[in-house]
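Trainee: Before we start, here is the structure in question, set down as structure tokens.
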Amino acid sequence: YAASDPTYQSLLQCLSQSIPSQNASAILFSNNNPSYASVLQAYIRNARFNTSETPKPTIIITPTEESHVSAAVTCSQKVGFQIKVRSGGHDYEGLSYVFGEPFFILDMFNLRSISIDISDESAWVQSGATLGELYYNIWESSNVHGFPGGVCPTVGVGGHLSGAGYGTLMRKYGVSSDHIMDARIVDVNGKILDRNGMGEDLFWAIRGGGAASFGVVLAYKVKLVRVSETVTVFRVDRLLADDANATDVAYKWQSVAATTDNNLFMRMLLQPATRNRRRTVRVSIRGLYLGDASGVVALLNNDFPEMGLTRENCTEMRWIDSVLWWTNIDVGTPPSVLLDRNVNDADFLKRKSDYVQTPIHREGLESLWQKMTELGNVGLACNAYGGRMDQLSATDTPFPHRTGNLYKIQYSVNWDEPGNEADMNYTSQARELHEFMTQFVSNNPRRAYFNYRDIDIGTTETWSYEQGKVYGESYFTGNYERLVDVKTAVDPKNFFRNEQSIPPRT
Ligand code: FDA
């Protein structure tokens, strides 16, 4: 970037008033810096937003200290640029690093320290840390503690915890944001606030409402949870083409998975497959049980005999090894692999979500198999709710999907051919399946999971209350109103905004 470029110069000059100018230039990557492309691409997890047409930031700001974040917030406003805050970059629609107006990225990857206090069963974790780093640090301190967060270790703490965050401990302990005890946030005036300073309304909003509408989260203090020394994982696969019973398994899973023992989490994957060159569907059930193999075999032989779980399907291991197992890393790999930030390569992908509140009947499942084989590329990951999720109220945090939901569906399609034609083909398959599922899923509002960002639900151009309500009610149901109130109080001029942010009342 030319040293004479007025935007770069104004930003540098402003930052230098609070940071020594040498440090300020060291944290800025303008778009003619030789490292600009690699810094930008390091945390892009969806190839759809890594093309020559993708709008790029004018400058990437990479703070190494909390005070740099404050300075970046005030100086970006002074030079008239928007900022997109990026922690792990896993936003499915790229909203942390793409925007339609001139913008900077505030990239948090350097702010990734984690301190564990086992005597207090808590941890402070900076938002640029990954979930894998958090799990690894907990394990280094204790083999009977864990944290109820997501399955993919490279997901960033900043986006994940502020948008709820769930994984295999959800039925026992709820979602990640249920375990936030304190936070440090930079507000629109550049002030650093903790829980006391920000007050309970803002503290409520950033535990599931998405922090991007309200400020920049520097760090969260979280409560750790207890896990047993030995846990059991299992996987059972049924191919519809080989086994007529597969539909019964899928049917029964829907009611058992949400009502069985809280120590058991079961995910059901429904995936298009081929058998003898004919399209079919694979029903796979993967589970984590906080206990030993004989316990889960006895439990499921009683609750779910149709699945036919045997001791041979099960593997006992430490909780930290189950974290690797869930993300398809070979058992026996040292847990330090969780510190690797480059494990997943970025495919082209599209995700959508739904909530199921009454089991889909057998004929409904048959019609789903038919639709899936017709389309050919879209899979469903069904994640069981119930347990702890039934004990929390819909208004405790902005994340409202508690009692009454049997499971959440994630629709998923990945592809590796670049170009608009492929994009249109695969994304329209996901939309078509989502449309087909309308008859089976929640309605009024049709619910969606905020961390499974999906811009098809609606976007805003004017940041009006009405436009925001469309996606706001899908993600947050009645909590949308309180989120709008918080936004109005903390950022009335709407500096912190994106295509699906919470608007202030005007
Ligand atoms: P990213 O940096 O893209 O941020 C996401 C949003 O949060 C953006 O709007 C961003 O501006 C904002 N933001 C980020 N940091 C912020 C900060 N410090 N302050 C304020 N705003 C901030 N989810 C889940 O619940 N369970 C799971 O198992 C998985 N698994 C999974 C696997 C893979 C491969 C992907 C790509 C995604 C998931 N997810 C998931 C979804 C994930 O939880 C969601 O995308 C999170 O928002 C990602 O957080 P990042 O910090 O990585 O995203």
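Labeling convention for the structure tokens: chains A, B, ... as they appear, residues from 1 per chain, ligands from 1 in order of appearance.
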Find the residues of chain A that sit at most 7 Å from ligand 1; for each, write down the nearest two atoms and how far apart they are in Å, to one decimal. Count only C-alpha atoms and all ligand atoms. Sort by chain, then by number going up, and give it as a Markdown table.
Mentor:
```
| residue | atom | partner | partner_atom_place_in_ligand_line | distance |
| --- | --- | --- | --- | --- |
| A:Arg45 | CA | ligand 1 | 36 (C) | 5.9 |
| A:Lys84 | CA | ligand 1 | 11 (O) | 5.3 |
| A:Val85 | CA | ligand 1 | 11 (O) | 4.1 |
| A:Arg86 | CA | ligand 1 | 2 (O) | 3.6 |
| A:Ser87 | CA | ligand 1 | 2 (O) | 3.7 |
| A:Gly88 | CA | ligand 1 | 52 (O) | 3.1 |
| A:Gly89 | CA | ligand 1 | 3 (O) | 3.2 |
| A:His90 | CA | ligand 1 | 52 (O) | 3.9 |
| A:Asp91 | CA | ligand 1 | 3 (O) | 3.7 |
| A:Tyr92 | CA | ligand 1 | 45 (O) | 5.7 |
| A:Gly94 | CA | ligand 1 | 3 (O) | 6.1 |
| A:Leu95 | CA | ligand 1 | 9 (O) | 5.3 |
| A:Ser96 | CA | ligand 1 | 11 (O) | 4.0 |
| A:Met108 | CA | ligand 1 | 18 (N) | 6.6 |
| A:Ser127 | CA | ligand 1 | 18 (N) | 5.0 |
| A:Gly128 | CA | ligand 1 | 18 (N) | 6.8 |
| A:Gly149 | CA | ligand 1 | 26 (N) | 6.6 |
| A:Gly150 | CA | ligand 1 | 28 (O) | 3.4 |
| A:Val151 | CA | ligand 1 | 28 (O) | 3.8 |
| A:Cys152 | CA | ligand 1 | 32 (C) | 4.7 |
| A:Val155 | CA | ligand 1 | 52 (O) | 4.1 |
| A:Gly156 | CA | ligand 1 | 52 (O) | 3.4 |
| A:Val157 | CA | ligand 1 | 51 (O) | 5.3 |
| A:Gly158 | CA | ligand 1 | 15 (N) | 3.8 |
| A:Gly159 | CA | ligand 1 | 49 (O) | 3.3 |
| A:His160 | CA | ligand 1 | 46 (C) | 3.9 |
| A:Ser162 | CA | ligand 1 | 7 (O) | 7.0 |
| A:Gly163 | CA | ligand 1 | 47 (O) | 6.0 |
| A:Ala164 | CA | ligand 1 | 25 (O) | 6.5 |
| A:Gly165 | CA | ligand 1 | 25 (O) | 3.5 |
| A:Tyr166 | CA | ligand 1 | 25 (O) | 4.1 |
| A:Gly167 | CA | ligand 1 | 28 (O) | 5.1 |
| A:Gly210 | CA | ligand 1 | 7 (O) | 6.2 |
| A:Ala211 | CA | ligand 1 | 20 (C) | 4.3 |
| A:Ala212 | CA | ligand 1 | 21 (N) | 3.7 |
| A:Gly215 | CA | ligand 1 | 20 (C) | 5.7 |
| A:Val216 | CA | ligand 1 | 19 (N) | 3.6 |
| A:Val217 | CA | ligand 1 | 19 (N) | 3.8 |
| A:Leu218 | CA | ligand 1 | 18 (N) | 5.6 |
| A:Asn451 | CA | ligand 1 | 44 (C) | 4.4 |
| A:Tyr452 | CA | ligand 1 | 41 (C) | 5.5 |
| A:Arg453 | CA | ligand 1 | 45 (O) | 6.9 |
```
Trainee: Please return as a PyMOL selection string: the residues of range 136-351 of chain A that backbone DSSP assigns to strand (DSSP E or B).
Mentor: chain A and resi 145-146+156+180-186+192-193+216-223+225-226+231-239+264-275+278-289+314-317+348-351
Trainee: Got a sec: who's within 10 Å of Glu466 in chain A, counting only C-alpha atoms, leaving out chain neighbours fewer than 6 positions off, as a PyMOL selection string?
Mentor: chain A and resi 460+472+503+505
Trainee: What gap, in Å, lies between CA of Tyr251 in chain A and CA of Leu239 in chain A?
Mentor: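 Answer for the CA of Tyr251 in chain A to CA of Leu239 in chain A separation: 14.5 Å.
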Trainee: As a ChimeraX atom specification, please: every residue in range 4-222 of chain A that DSSP puts in alpha helix (DSSP H).
Mentor: /A:6-16,21-26,36-42,66-79,131-141,157-162,170-173,195-205
Trainee: Got a sec: who's within 7 Å of range 382-392 of chain A, counting only C-alpha atoms, leaving out chain neighbours fewer than 5 positions off, as a list in words?
Mentor: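 Counting only the stated atoms, we get Arg171, Lys172, Tyr173, Gly174, Ala257, Ala258, Thr259, Asn262, Phe265, Met266, Arg267, Met268, Leu269, Arg402, Thr403, Asn405, Leu406, Tyr407, Lys408, Ile409 and Gln410 of chain A.
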Trainee: Next, write the just-selected residues to a file, as a short mmCIF file (atom, residue, chain, number, x, y, z; two decimals), in the first residue's frame, keeping C-alpha atoms as the atom set.
Mentor:
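Resulting contents of again.cif:
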```
data_model
loop_
_atom_site.label_atom_id
_atom_site.label_comp_id
_atom_site.auth_asym_id
_atom_site.auth_seq_id
_atom_site.Cartn_x
_atom_site.Cartn_y
_atom_site.Cartn_z
CA ARG A 171 -27.52 -32.71 26.52
CA LYS A 172 -25.60 -32.89 29.77
CA TYR A 173 -24.57 -29.25 30.12
CA GLY A 174 -26.30 -27.01 27.55
CA ALA A 257 -32.19 -39.36 21.36
CA ALA A 258 -33.91 -36.40 23.02
CA THR A 259 -35.29 -38.30 26.00
CA ASN A 262 -28.38 -36.96 29.77
CA PHE A 265 -25.47 -37.56 23.06
CA MET A 266 -26.37 -39.04 19.69
CA ARG A 267 -26.00 -37.39 16.31
CA MET A 268 -27.76 -38.97 13.33
CA LEU A 269 -26.23 -38.34 9.92
CA ARG A 402 -34.71 -25.04 24.47
CA THR A 403 -37.59 -27.21 25.65
CA ASN A 405 -37.18 -29.07 20.37
CA LEU A 406 -36.33 -32.71 19.72
CA TYR A 407 -33.41 -32.04 17.44
CA LYS A 408 -31.75 -29.57 15.14
CA ILE A 409 -31.00 -30.33 11.52
CA GLN A 410 -27.98 -28.99 9.72
#
```
Trainee: If we count only C-alpha atoms, what is near His68 in chain A at a cut-off of 8 Å, once residues fewer than 5 positions away on the same chain are taken out, given as number ranges by chain?
Mentor: A: 15, 19, 63
Trainee: For range 315-326 of chain A, work out the shell of residues within 10 Å, counting only C-alpha atoms and skipping chain neighbours fewer than 5 positions away, then give it as a VMD selection string.
Mentor: chain A and resid 132 135 to 136 138 to 140 143 to 146 150 to 153 167 to 168 227 to 235 286 to 294 331 to 335 337 to 338
Trainee: Choose the residue, out of A:Val175, A:Ile457, A:Met372, A:Val413, that has the smallest atom-to-atom separation from Leu433 in chain A; count only C-alpha atoms.
Mentor: A:Met372
Trainee: Can you write out as a Markdown table which residues of range 46-132 of chain A fall within 7 Å of range 23-30 of chain A, alongside each residue's closest atom pair and its distance in Å to one decimal, counting only C-alpha atoms and ordering rows by chain and ascending residue number?
Mentor:
```
| residue | atom | partner | partner_atom | distance |
| --- | --- | --- | --- | --- |
| A:Thr58 | CA | A:Ser30 | CA | 6.2 |
| A:Ile59 | CA | A:Ser30 | CA | 4.4 |
| A:Ile60 | CA | A:Phe29 | CA | 5.0 |
| A:Ile61 | CA | A:Leu28 | CA | 4.8 |
| A:Thr62 | CA | A:Ile27 | CA | 5.0 |
| A:Pro63 | CA | A:Ile27 | CA | 6.0 |
```
Trainee: Of the residues A:Lys221, A:Leu300, A:Pro102, A:Ile185, which is the one nearest to Asp117 in chain A, using only C-alpha atoms?
Mentor: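 That would be A:Lys221, the residue with the smallest distance to Asp117 in chain A.
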